[in-house]
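Data block for start_8.cif (mmCIF, C-alpha atoms (C1' of nucleotides)):
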data_entry
#
loop_
_atom_site.label_atom_id
_atom_site.label_comp_id
_atom_site.auth_asym_id
_atom_site.auth_seq_id
_atom_site.Cartn_x
_atom_site.Cartn_y
_atom_site.Cartn_z
CA MET A 238 -11.64 -3.59 30.07
CA LEU A 239 -13.58 -5.49 27.44
CA ASP A 240 -15.24 -8.71 28.62
CA LEU A 241 -14.24 -11.40 26.11
CA LYS A 242 -16.92 -13.79 27.42
CA GLU A 243 -19.56 -11.47 25.98
CA TYR A 244 -18.05 -12.18 22.58
CA GLY A 245 -18.13 -15.94 23.06
CA ILE A 246 -14.41 -16.20 23.72
CA ASP A 247 -13.17 -18.40 26.57
CA MET A 248 -9.76 -17.04 27.45
CA TRP A 249 -7.28 -19.60 28.71
CA PRO A 250 -6.17 -19.99 32.33
CA LYS A 251 -2.81 -18.48 33.26
CA GLU A 252 -0.90 -21.77 32.96
CA LYS A 253 -2.11 -22.33 29.42
CA VAL A 254 -1.24 -18.75 28.46
CA GLN A 255 2.30 -19.29 29.71
CA ALA A 256 2.62 -22.59 27.86
CA PHE A 257 1.44 -20.85 24.67
CA ARG A 258 4.01 -18.07 25.03
CA LYS A 259 6.77 -20.62 25.44
CA ALA A 260 5.69 -22.74 22.47
CA LEU A 261 5.43 -19.69 20.23
CA LEU A 262 8.69 -18.06 21.31
CA ASP A 263 10.67 -21.33 21.15
CA TRP A 264 9.46 -21.75 17.58
CA TYR A 265 10.35 -18.13 16.80
CA ASP A 266 13.84 -18.47 18.25
CA ALA A 267 14.49 -21.47 16.03
CA ASN A 268 12.75 -20.26 12.87
CA LYS A 269 12.70 -16.47 12.72
CA ARG A 270 13.66 -14.93 9.42
CA ASP A 271 16.85 -12.93 9.19
CA LEU A 272 15.46 -9.56 8.13
CA PRO A 273 17.43 -6.28 7.91
CA TRP A 274 15.25 -4.51 10.49
CA ARG A 275 15.80 -7.35 12.95
CA ARG A 276 19.51 -6.49 13.03
CA THR A 277 19.02 -3.03 14.51
CA ARG A 278 17.68 -1.42 17.66
CA ASP A 279 17.44 2.01 16.02
CA PRO A 280 13.79 3.06 16.45
CA TYR A 281 14.06 5.22 13.33
CA ALA A 282 15.03 2.20 11.21
CA ILE A 283 12.35 0.03 12.81
CA TRP A 284 9.80 2.76 12.14
CA VAL A 285 10.81 2.93 8.46
CA SER A 286 10.38 -0.84 8.18
CA GLU A 287 6.98 -0.85 9.87
CA ILE A 288 5.57 1.90 7.64
CA MET A 289 6.88 0.21 4.50
CA LEU A 290 5.42 -3.11 5.61
CA GLN A 291 1.90 -1.70 5.82
CA GLN A 292 -0.06 -3.58 3.14
CA THR A 293 3.24 -4.52 1.51
CA ARG A 294 5.15 -7.81 1.41
CA VAL A 295 8.50 -8.40 3.08
CA ASP A 296 10.32 -9.31 -0.14
CA THR A 297 9.12 -6.11 -1.80
CA VAL A 298 10.15 -3.95 1.15
CA ILE A 299 13.75 -5.13 1.69
CA PRO A 300 15.46 -3.22 -1.19
CA TYR A 301 13.36 -0.09 -0.53
CA TYR A 302 14.30 -0.23 3.15
CA GLU A 303 18.03 -0.43 2.45
CA ARG A 304 17.94 2.38 -0.09
CA PHE A 305 15.80 4.65 2.09
CA LEU A 306 18.12 4.38 5.09
CA HIS A 307 21.17 4.82 2.87
CA HIS A 308 19.86 8.13 1.51
CA LEU A 309 18.09 9.34 4.68
CA PRO A 310 19.91 7.75 7.64
CA THR A 311 18.48 9.99 10.37
CA ILE A 312 15.27 11.66 11.49
CA ALA A 313 16.77 15.05 10.63
CA ASP A 314 17.62 13.93 7.09
CA LEU A 315 14.05 12.83 6.49
CA ALA A 316 12.60 15.98 8.05
CA LYS A 317 14.42 18.24 5.58
CA ALA A 318 14.38 16.11 2.41
CA PRO A 319 12.74 17.62 -0.72
CA GLU A 320 9.43 16.16 -1.85
CA GLU A 321 10.87 14.70 -5.09
CA VAL A 322 13.49 12.83 -3.07
CA ILE A 323 11.06 11.12 -0.72
CA LEU A 324 8.69 10.29 -3.58
CA LYS A 325 11.53 8.80 -5.64
CA LEU A 326 12.58 6.68 -2.65
CA TRP A 327 8.98 5.44 -2.31
CA GLU A 328 8.27 5.19 -6.08
CA GLY A 329 6.62 1.82 -6.79
CA LEU A 330 5.72 1.02 -3.17
CA GLY A 331 2.27 2.61 -3.35
CA TYR A 332 0.19 4.34 -0.67
CA TYR A 333 2.37 7.41 -0.99
CA SER A 334 0.70 9.24 1.87
CA ARG A 335 2.77 6.91 4.05
CA VAL A 336 6.00 8.70 3.21
CA ARG A 337 4.44 12.16 3.34
CA ASN A 338 3.12 11.38 6.82
CA MET A 339 6.54 10.04 7.81
CA GLN A 340 8.14 13.30 6.85
CA GLN A 341 5.56 15.20 8.91
CA ALA A 342 6.26 12.88 11.84
CA ALA A 343 10.01 13.48 11.44
CA GLN A 344 9.34 17.21 11.59
CA GLN A 345 7.23 16.62 14.73
CA MET A 346 10.21 14.84 16.30
CA VAL A 347 12.54 17.72 15.41
CA ASP A 348 10.08 20.28 16.81
CA ASP A 349 8.69 18.47 19.87
CA PHE A 350 11.16 15.74 20.83
CA ALA A 351 14.57 17.38 20.25
CA GLY A 352 15.06 15.34 17.09
CA GLN A 353 14.90 12.06 19.03
CA PHE A 354 12.41 9.25 18.55
CA PRO A 355 9.87 9.42 21.43
CA THR A 356 10.01 6.56 23.90
CA THR A 357 6.48 6.19 25.29
CA HIS A 358 3.48 4.54 23.65
CA ALA A 359 1.37 7.72 23.95
CA GLU A 360 4.05 9.89 22.35
CA ILE A 361 4.68 7.38 19.57
CA SER A 362 0.92 7.24 18.90
CA SER A 363 0.84 11.01 18.55
CA LEU A 364 3.04 10.90 15.44
CA LYS A 365 1.45 11.39 12.03
CA GLY A 366 0.88 8.13 10.19
CA ILE A 367 1.33 5.97 13.28
CA GLY A 368 -1.94 4.22 14.10
CA PRO A 369 -2.71 1.53 16.67
CA TYR A 370 -0.85 -1.26 14.89
CA THR A 371 2.35 0.66 14.17
CA ALA A 372 2.42 2.25 17.63
CA GLY A 373 2.26 -1.21 19.18
CA ALA A 374 4.88 -2.60 16.83
CA ILE A 375 7.43 0.17 17.45
CA SER A 376 6.73 0.29 21.20
CA SER A 377 7.27 -3.43 21.61
CA ILE A 378 10.09 -4.01 19.10
CA ALA A 379 12.19 -0.88 19.63
CA PHE A 380 11.44 -0.13 23.30
CA ASN A 381 10.40 -3.49 24.75
CA LEU A 382 7.07 -2.10 25.95
CA PRO A 383 4.27 -4.67 26.50
CA GLU A 384 1.99 -3.26 23.78
CA PRO A 385 0.04 -5.47 21.36
CA ALA A 386 0.50 -4.98 17.61
CA VAL A 387 -2.73 -6.18 16.03
CA ASP A 388 -2.50 -6.50 12.26
CA GLY A 389 -4.19 -8.75 9.72
CA ASN A 390 -1.87 -11.64 10.51
CA VAL A 391 -2.52 -11.47 14.24
CA MET A 392 -6.29 -11.31 13.78
CA ARG A 393 -6.20 -14.29 11.42
CA VAL A 394 -4.13 -16.39 13.84
CA LEU A 395 -6.19 -15.43 16.89
CA SER A 396 -9.51 -15.99 15.14
CA ARG A 397 -8.43 -19.57 14.42
CA LEU A 398 -6.98 -20.15 17.89
CA PHE A 399 -10.24 -19.12 19.58
CA GLU A 400 -12.84 -19.56 16.80
CA VAL A 401 -13.72 -15.88 16.87
CA ASP A 402 -17.07 -15.36 15.17
CA TYR A 403 -16.51 -11.70 14.35
CA ASP A 404 -15.53 -10.20 11.01
CA ILE A 405 -11.83 -9.24 11.11
CA GLY A 406 -12.49 -6.70 8.34
CA LEU A 407 -14.72 -4.51 10.51
CA PRO A 408 -12.72 -1.85 12.38
CA THR A 409 -14.99 -2.09 15.43
CA ASN A 410 -14.00 -5.71 16.00
CA ARG A 411 -10.35 -4.85 16.34
CA LYS A 412 -10.90 -4.17 20.04
CA ILE A 413 -11.70 -7.87 20.59
CA PHE A 414 -8.29 -8.93 19.31
CA GLN A 415 -6.60 -6.08 21.16
CA ALA A 416 -8.14 -7.35 24.42
CA MET A 417 -7.03 -10.91 23.67
CA MET A 418 -3.50 -9.76 23.00
CA GLU A 419 -3.29 -7.80 26.22
CA ILE A 420 -3.75 -11.09 28.04
CA LEU A 421 -1.60 -13.23 25.77
CA ILE A 422 1.40 -10.97 25.15
CA ASP A 423 4.64 -12.04 26.82
CA PRO A 424 5.59 -9.24 29.24
CA ASP A 425 9.28 -10.12 29.06
CA ARG A 426 9.59 -10.35 25.26
CA PRO A 427 6.69 -8.34 23.80
CA GLY A 428 8.48 -7.43 20.56
CA ASP A 429 9.46 -11.01 19.82
CA PHE A 430 5.97 -12.20 20.77
CA ASN A 431 4.33 -9.78 18.33
CA GLN A 432 6.76 -10.63 15.55
CA ALA A 433 6.39 -14.36 16.19
CA LEU A 434 2.62 -14.11 15.68
CA MET A 435 3.16 -12.13 12.48
CA ASP A 436 5.72 -14.62 11.15
CA LEU A 437 3.33 -17.43 11.94
CA GLY A 438 0.46 -15.62 10.25
CA SER A 439 2.37 -14.75 7.09
CA ASP A 440 3.72 -18.26 6.49
CA ILE A 441 2.21 -21.28 8.22
CA GLU A 442 -1.11 -19.59 9.04
CA SER A 443 -1.25 -17.76 5.72
CA PRO A 444 -4.60 -16.68 4.23
CA VAL A 445 -4.22 -19.01 1.24
CA ASN A 446 -2.80 -22.54 1.43
CA PRO A 447 -2.12 -22.55 5.16
CA ARG A 448 -0.25 -25.51 6.68
CA PRO A 449 -1.91 -25.71 10.09
CA GLN A 450 -0.43 -29.15 10.75
CA ASP A 451 3.01 -27.45 10.82
CA SER A 452 1.98 -24.87 13.40
CA PRO A 453 3.96 -24.84 16.64
CA VAL A 454 0.74 -23.94 18.48
CA LYS A 455 -1.71 -26.25 16.71
CA ASP A 456 -2.54 -27.98 20.01
CA PHE A 457 -3.82 -24.61 21.28
CA SER A 458 -5.97 -23.95 18.22
CA ALA A 459 -9.71 -24.53 18.69
CA ALA A 460 -10.30 -24.36 14.94
CA TYR A 461 -7.56 -26.92 14.27
CA LEU A 462 -8.79 -29.29 16.97
CA ASN A 463 -12.44 -28.90 15.93
CA GLY A 464 -11.81 -29.16 12.19
CA THR A 465 -13.20 -25.67 11.52
CA MET A 466 -10.09 -24.11 9.96
CA ASP A 467 -11.97 -23.36 6.73
CA LYS A 468 -14.45 -21.17 8.57
CA TYR A 469 -11.90 -18.78 10.10
CA PRO A 470 -11.18 -15.95 9.93
CA ILE A 471 -14.59 -14.48 9.22
CA LYS A 472 -14.10 -11.82 6.55
CA ALA A 473 -16.60 -10.03 4.29
CA PRO A 474 -15.76 -9.90 0.56
CA LYS A 475 -14.26 -6.74 -0.85
CA LYS A 476 -15.76 -4.42 -3.43
CA LYS A 477 -14.55 -4.49 -7.00
CA PRO A 478 -12.53 -1.60 -8.43
CA VAL A 479 -14.58 0.88 -10.46
CA PRO A 480 -13.53 1.08 -14.14
CA VAL A 481 -12.46 4.51 -15.40
CA ALA A 482 -11.48 5.27 -19.01
CA TYR A 483 -8.85 7.87 -19.86
CA GLN A 484 -7.29 9.34 -22.94
CA GLY A 485 -3.52 9.64 -22.39
CA PHE A 486 -1.56 12.22 -24.38
CA ILE A 487 2.05 11.64 -25.37
CA ILE A 488 2.87 15.13 -26.62
CA ARG A 489 6.24 15.91 -28.16
CA ASN A 490 7.65 19.29 -29.21
CA LYS A 491 10.12 20.11 -31.96
CA ASP A 492 13.05 19.88 -29.51
CA ASN A 493 12.01 16.26 -28.85
CA GLN A 494 10.86 17.00 -25.31
CA PHE A 495 7.70 15.49 -23.81
CA LEU A 496 4.88 17.23 -21.99
CA LEU A 497 4.59 16.30 -18.30
CA GLU A 498 2.13 17.53 -15.71
CA LYS A 499 2.40 17.36 -11.93
CA ASN A 500 -0.59 15.84 -10.12
CA ASN A 501 -2.50 17.96 -7.61
CA GLU A 502 -1.58 17.92 -3.96
CA ALA A 503 -4.83 16.14 -3.09
CA GLY A 504 -6.00 12.79 -4.35
CA LEU A 505 -4.57 9.79 -6.12
CA LEU A 506 -0.82 9.85 -6.89
CA SER A 507 -0.48 13.44 -5.73
CA GLY A 508 2.92 14.96 -6.35
CA PHE A 509 3.76 12.47 -9.10
CA TRP A 510 4.32 13.52 -12.70
CA SER A 511 2.22 12.22 -15.56
CA PHE A 512 1.63 12.51 -19.25
CA PRO A 513 -1.59 14.52 -19.54
CA LEU A 514 -4.71 12.45 -18.90
CA LEU A 515 -8.32 13.33 -19.56
CA GLU A 516 -11.16 11.16 -18.36
CA LYS A 517 -13.49 10.04 -21.10
CA GLY A 518 -17.12 11.07 -20.79
CA ALA A 519 -18.37 7.51 -21.00
CA VAL A 520 -17.24 4.49 -19.09
CA VAL A 521 -15.55 2.04 -21.46
CA ASP A 522 -15.14 -1.36 -19.91
CA LYS A 523 -14.68 -4.65 -21.77
CA GLN A 524 -18.29 -5.56 -21.12
CA VAL A 525 -19.88 -2.19 -21.93
CA SER A 526 -17.82 -1.07 -24.89
CA LEU A 527 -19.13 1.82 -26.98
CA PHE A 528 -20.14 1.41 -30.60
CA GLU A 529 -17.36 2.13 -33.05
CA VAL A 530 -18.94 5.27 -34.41
CA ALA A 531 -19.45 6.65 -30.92
CA GLU A 532 -15.84 5.82 -30.10
CA GLU A 533 -14.65 7.98 -33.01
CA VAL A 534 -16.74 10.86 -31.78
CA VAL A 535 -15.29 10.47 -28.32
CA GLN A 536 -11.76 10.52 -29.79
CA LEU A 537 -12.32 13.74 -31.75
CA ASP A 538 -14.08 15.32 -28.84
CA ILE A 539 -11.40 14.58 -26.32
CA ARG A 540 -8.59 15.83 -28.56
CA GLN A 541 -10.52 19.06 -28.90
CA SER A 542 -10.78 19.14 -25.10
CA PHE A 543 -7.02 18.73 -24.83
CA THR A 544 -6.40 21.66 -27.15
CA GLU A 545 -8.71 23.86 -25.15
CA TYR A 546 -7.66 22.73 -21.68
CA TYR A 547 -3.92 22.98 -22.36
CA ASP A 548 -4.24 25.89 -24.83
CA MET A 549 -1.99 24.07 -27.26
CA ALA A 550 -2.38 23.34 -30.95
CA VAL A 551 -1.28 19.81 -31.75
CA ASP A 552 -0.63 17.81 -34.91
CA TRP A 553 -2.19 14.42 -34.04
CA GLN A 554 -0.33 11.33 -35.24
CA LYS A 555 -2.04 8.26 -36.68
CA GLN A 556 -0.01 5.79 -34.66
CA GLU A 557 -1.99 3.37 -32.48
CA PHE A 558 -0.75 2.03 -29.15
CA ASP A 559 -1.56 -0.81 -26.81
CA THR A 560 -4.20 0.09 -24.24
CA VAL A 561 -2.69 0.57 -20.81
CA GLN A 562 -4.52 -1.01 -17.90
CA HIS A 563 -3.73 -0.46 -14.25
CA ILE A 564 -5.70 -1.78 -11.30
CA PHE A 565 -5.68 0.03 -7.97
CA SER A 566 -7.49 -1.31 -4.95
CA HIS A 567 -10.52 0.86 -5.77
CA ARG A 568 -10.10 1.93 -9.42
CA LYS A 569 -9.44 0.16 -12.71
CA TRP A 570 -7.87 2.53 -15.20
CA GLN A 571 -7.95 1.92 -18.94
CA ILE A 572 -5.84 4.39 -20.88
CA GLU A 573 -5.95 4.85 -24.65
CA LEU A 574 -2.84 6.61 -25.90
CA VAL A 575 -2.52 9.13 -28.67
CA GLU A 576 0.64 10.86 -29.87
CA GLY A 577 0.77 14.51 -30.87
CA VAL A 578 3.40 16.99 -31.98
CA ALA A 579 2.99 20.41 -30.46
CA GLU A 580 3.52 23.41 -32.67
CA THR A 581 4.86 25.43 -29.79
CA THR A 582 7.27 25.04 -26.90
CA LYS A 583 5.72 27.71 -24.71
CA LEU A 584 3.53 26.82 -21.75
CA LEU A 585 0.95 28.61 -19.69
CA GLY A 586 2.23 29.57 -16.27
CA THR A 587 -0.91 28.54 -14.44
CA LYS A 588 -0.50 24.76 -14.61
CA GLU A 589 2.39 22.68 -13.36
CA LEU A 590 3.54 21.66 -16.82
CA LYS A 591 7.02 20.99 -18.13
CA TRP A 592 8.73 19.97 -21.33
CA VAL A 593 11.14 17.20 -20.35
CA SER A 594 13.69 15.34 -22.45
CA VAL A 595 13.92 11.58 -22.05
CA GLU A 596 17.32 11.64 -20.37
CA ASP A 597 15.83 13.76 -17.56
CA PHE A 598 12.92 11.37 -16.90
CA PRO A 599 14.72 9.60 -14.00
CA ILE A 600 14.59 12.78 -11.91
CA TYR A 601 10.79 12.77 -11.92
CA PRO A 602 8.66 10.52 -9.70
CA PHE A 603 6.51 8.33 -11.95
CA ALA A 604 3.84 6.00 -10.61
CA LYS A 605 3.12 2.67 -12.22
CA PRO A 606 0.39 3.77 -14.69
CA GLN A 607 2.69 6.43 -16.12
CA GLN A 608 5.54 3.92 -16.40
CA LYS A 609 3.20 1.64 -18.33
CA MET A 610 2.16 4.49 -20.63
CA TRP A 611 5.78 5.22 -21.48
CA GLU A 612 6.51 1.51 -22.05
CA ALA A 613 3.58 1.23 -24.47
CA TYR A 614 4.80 4.28 -26.36
CA VAL A 615 8.41 3.12 -26.59
CA LYS A 616 7.37 -0.39 -27.62
CA LYS A 617 5.44 0.93 -30.61
CA MET A 618 8.14 3.43 -31.58
CA GLU A 619 10.81 0.73 -31.65
CA GLN A 620 8.83 -1.39 -34.10
"C1'" DA B 56 -18.56 3.10 9.73
"C1'" DA B 57 -17.24 3.78 5.08
"C1'" DC B 58 -14.16 5.27 1.93
"C1'" DG B 59 -9.71 6.73 -0.40
"C1'" DC B 60 -5.33 5.33 -1.06
"C1'" DG B 61 -0.82 1.30 -4.73
"C1'" DG B 62 1.21 -2.35 -6.04
"C1'" DG B 63 2.69 -7.04 -6.53
"C1'" DG B 64 2.48 -12.12 -5.62
"C1'" DC B 65 -0.09 -16.16 -6.02
"C1'" DC B 66 -3.62 -19.34 -7.76
"C1'" DG C 92 -9.31 -12.62 -13.46
"C1'" DG C 93 -9.76 -12.86 -8.50
"C1'" DC C 94 -7.74 -13.37 -4.22
"C1'" DC C 95 -4.67 -11.65 -0.59
"C1'" DC C 96 -1.82 -8.33 2.11
"C1'" DA C 97 3.15 -6.04 8.67
"C1'" DG C 98 -2.97 0.21 8.00
"C1'" DC C 99 -3.93 5.07 8.42
"C1'" DG C 100 -6.36 9.48 7.72
"C1'" DT C 101 -10.48 11.68 6.49
"C1'" DT C 102 -15.22 12.36 6.49
#

Could you spell out this file's structure in structure tokens?
Amino acid sequence: MLDLKEYGIDMWPKEKVQAFRKALLDWYDANKRDLPWRRTRDPYAIWVSEIMLQQTRVDTVIPYYERFLHHLPTIADLAKAPEEVILKLWEGLGYYSRVRNMQQAAQQMVDDFAGQFPTTHAEISSLKGIGPYTAGAISSIAFNLPEPAVDGNVMRVLSRLFEVDYDIGLPTNRKIFQAMMEILIDPDRPGDFNQALMDLGSDIESPVNPRPQDSPVKDFSAAYLNGTMDKYPIKAPKKKPVPVAYQGFIIRNKDNQFLLEKNNEAGLLSGFWSFPLLEKGAVVDKQVSLFEVAEEVVQLDIRQSFTEYYDMAVDWQKQEFDTVQHIFSHRKWQIELVEGVAETTKLLGTKELKWVSVEDFPIYPFAKPQQKMWEAYVKKMEQ
DNA sequence: AACGCGGGGCC
DNA sequence: GGCCCAGCGTT
């Protein structure tokens, strides 16, 4: 057991811990949000909600949650769903490995747990895509087990309550908050206790514009009482996304179908379909833009590359399109579009390429950058 | 321990 | 434009 004193944290005496639990849970009982996953005890549904809520806001999740459970109401349904179906259900949520891992976990449950959701913390933790936070959340919420669920909200709230001088962004420091929670958590209502801390952290104790004076536990908060709220939580700044320049190819054939390519199984947006993209040799950011002459050379060069790579002769159109920009957490894509008319409708068998008519687009999973590419194309064509 | 992995809301 | 977020798996 980790000694909190070594980290400069004076844990409260038992009476104060009990008073804190009561203050927090009384507030939760009076103020908790009415969310769809709080109306069920089905561990499968609670699991779906917890995975969707990873790095994703409540308001964004709600419609996805309803639709997902409507189409895949049971573990068995998820285990046997085709890839395109699960990607379409997750389309727009991001971090798509979440849903792939969920399907693997569903298959684990079919194989190892007779198709039932496992009921112990160790078994739940053994499922693909379920890490320490999610294991604690499901254990406590669905099975009433006294397991902490330490997420960003909880670390922010606790770091203010106890003036924790350790960076909440460093994985190694998670154990400090885990140890604190093992003492604080209400053994009778662990799920409500965890959710109360998260509700508190996402609203009143939010990262920006917090309202600490409205907190039901402000009298317990060392940072509030000492006037050090601005200092906590300690968190190192993040790195900026790296700019990457692409040429995007909107290629049409004489049957008015468009060329789509399926992304590789590994890497960013795997399994999604895209208009062909080739990375430009040089980085073109706003600040380090190439000279105009060089830009022309790059254009000619990359169209030649397309012809070779896709083994397809193309009649390039003069039309110019808006540049598409999309920012991921770690990459900043800038996509210049060009339109071409292919002189053939045949395709090599080696790549995952298809000619697709516009009315069939809804069948294919498209991530946000590809949606933006199509919007830019349509916008110009309608002018 | 660091990195890869989306997307949207808010200021 | 920059900040934030109900994290996990891989290396």

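Comparing the minimum interatomic distances between DG63 in chain B and each of A:Ala379, A:Leu537, A:Val295, A:Leu421, counting all atoms listed in the file, we find that A:Val295 sits nearest.
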
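Closest approach to chain B from the set A:Arg540, A:Lys455, A:Lys616, A:Arg294 is made by A:Arg294, with distances taken over all atoms listed in the file.
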
Report, as AutoDock Vina command-line options, the axis-aligned box around all atoms of range 417-428 of chain A present in the file, extended by 8 Å on each side; give centre and edge lengths in Å to one decimal place.
--center_x 1.3 --center_y -10.3 --center_z 24.9 --size_x 32.6 --size_y 21.8 --size_z 24.7

Neighbour list for DA97 in chain C as an MDAnalysis selection string, cut-off 12 Å, only C-alpha atoms (C1' of nucleotides), skip fewer than 4 positions in-chain: chainID A and resid 283:296 298 370:371 373:375 386:392 431:439

Keeping C-alpha atoms for every residue in the selection just given, could you write it to a file as a PDB file, keeping the file's coordinate frame?
ATOM      1  CA  ILE A 283      12.350   0.030  12.810  1.00  0.00           C
ATOM      2  CA  TRP A 284       9.800   2.760  12.140  1.00  0.00           C
ATOM      3  CA  VAL A 285      10.810   2.930   8.460  1.00  0.00           C
ATOM      4  CA  SER A 286      10.380  -0.840   8.180  1.00  0.00           C
ATOM      5  CA  GLU A 287       6.980  -0.850   9.870  1.00  0.00           C
ATOM      6  CA  ILE A 288       5.570   1.900   7.640  1.00  0.00           C
ATOM      7  CA  MET A 289       6.880   0.210   4.500  1.00  0.00           C
ATOM      8  CA  LEU A 290       5.420  -3.110   5.610  1.00  0.00           C
ATOM      9  CA  GLN A 291       1.900  -1.700   5.820  1.00  0.00           C
ATOM     10  CA  GLN A 292      -0.060  -3.580   3.140  1.00  0.00           C
ATOM     11  CA  THR A 293       3.240  -4.520   1.510  1.00  0.00           C
ATOM     12  CA  ARG A 294       5.150  -7.810   1.410  1.00  0.00           C
ATOM     13  CA  VAL A 295       8.500  -8.400   3.080  1.00  0.00           C
ATOM     14  CA  ASP A 296      10.320  -9.310  -0.140  1.00  0.00           C
ATOM     15  CA  VAL A 298      10.150  -3.950   1.150  1.00  0.00           C
ATOM     16  CA  TYR A 370      -0.850  -1.260  14.890  1.00  0.00           C
ATOM     17  CA  THR A 371       2.350   0.660  14.170  1.00  0.00           C
ATOM     18  CA  GLY A 373       2.260  -1.210  19.180  1.00  0.00           C
ATOM     19  CA  ALA A 374       4.880  -2.600  16.830  1.00  0.00           C
ATOM     20  CA  ILE A 375       7.430   0.170  17.450  1.00  0.00           C
ATOM     21  CA  ALA A 386       0.500  -4.980  17.610  1.00  0.00           C
ATOM     22  CA  VAL A 387      -2.730  -6.180  16.030  1.00  0.00           C
ATOM     23  CA  ASP A 388      -2.500  -6.500  12.260  1.00  0.00           C
ATOM     24  CA  GLY A 389      -4.190  -8.750   9.720  1.00  0.00           C
ATOM     25  CA  ASN A 390      -1.870 -11.640  10.510  1.00  0.00           C
ATOM     26  CA  VAL A 391      -2.520 -11.470  14.240  1.00  0.00           C
ATOM     27  CA  MET A 392      -6.290 -11.310  13.780  1.00  0.00           C
ATOM     28  CA  ASN A 431       4.330  -9.780  18.330  1.00  0.00           C
ATOM     29  CA  GLN A 432       6.760 -10.630  15.550  1.00  0.00           C
ATOM     30  CA  ALA A 433       6.390 -14.360  16.190  1.00  0.00           C
ATOM     31  CA  LEU A 434       2.620 -14.110  15.680  1.00  0.00           C
ATOM     32  CA  MET A 435       3.160 -12.130  12.480  1.00  0.00           C
ATOM     33  CA  ASP A 436       5.720 -14.620  11.150  1.00  0.00           C
ATOM     34  CA  LEU A 437       3.330 -17.430  11.940  1.00  0.00           C
ATOM     35  CA  GLY A 438       0.460 -15.620  10.250  1.00  0.00           C
ATOM     36  CA  SER A 439       2.370 -14.750   7.090  1.00  0.00           C
TER      37      SER A 439
END

Compute the distance from (-19.4, 2.6, 3.1) to each atom, counting only C-alpha atoms (C1' of nucleotides), keep the residues with any atom at most 12 Å away, and return them as an MDAnalysis selection string; use the coordinates of the file. (chainID A and resid 407 475:476) or (chainID B and resid 56:59) or (chainID C and resid 102)

Given the file shown, determine the residues that the PyMOL selection byres ((chain A and resi 594-597) around 12) selects; report them as a list in words. Ile488, Arg489, Asn490, Lys491, Asp492, Asn493, Gln494, Phe495, Leu496, Leu497, Lys591, Trp592, Val593, Phe598, Pro599, Ile600, Tyr601, Pro602, Trp611 and Val615 of chain A

I would like the residues chosen by the PyMOL selection byres ((chain A and resi 253) around 12) on the shown file; could you give them as number ranges by chain? A: 248-252, 254-260, 420-421, 454, 456-458
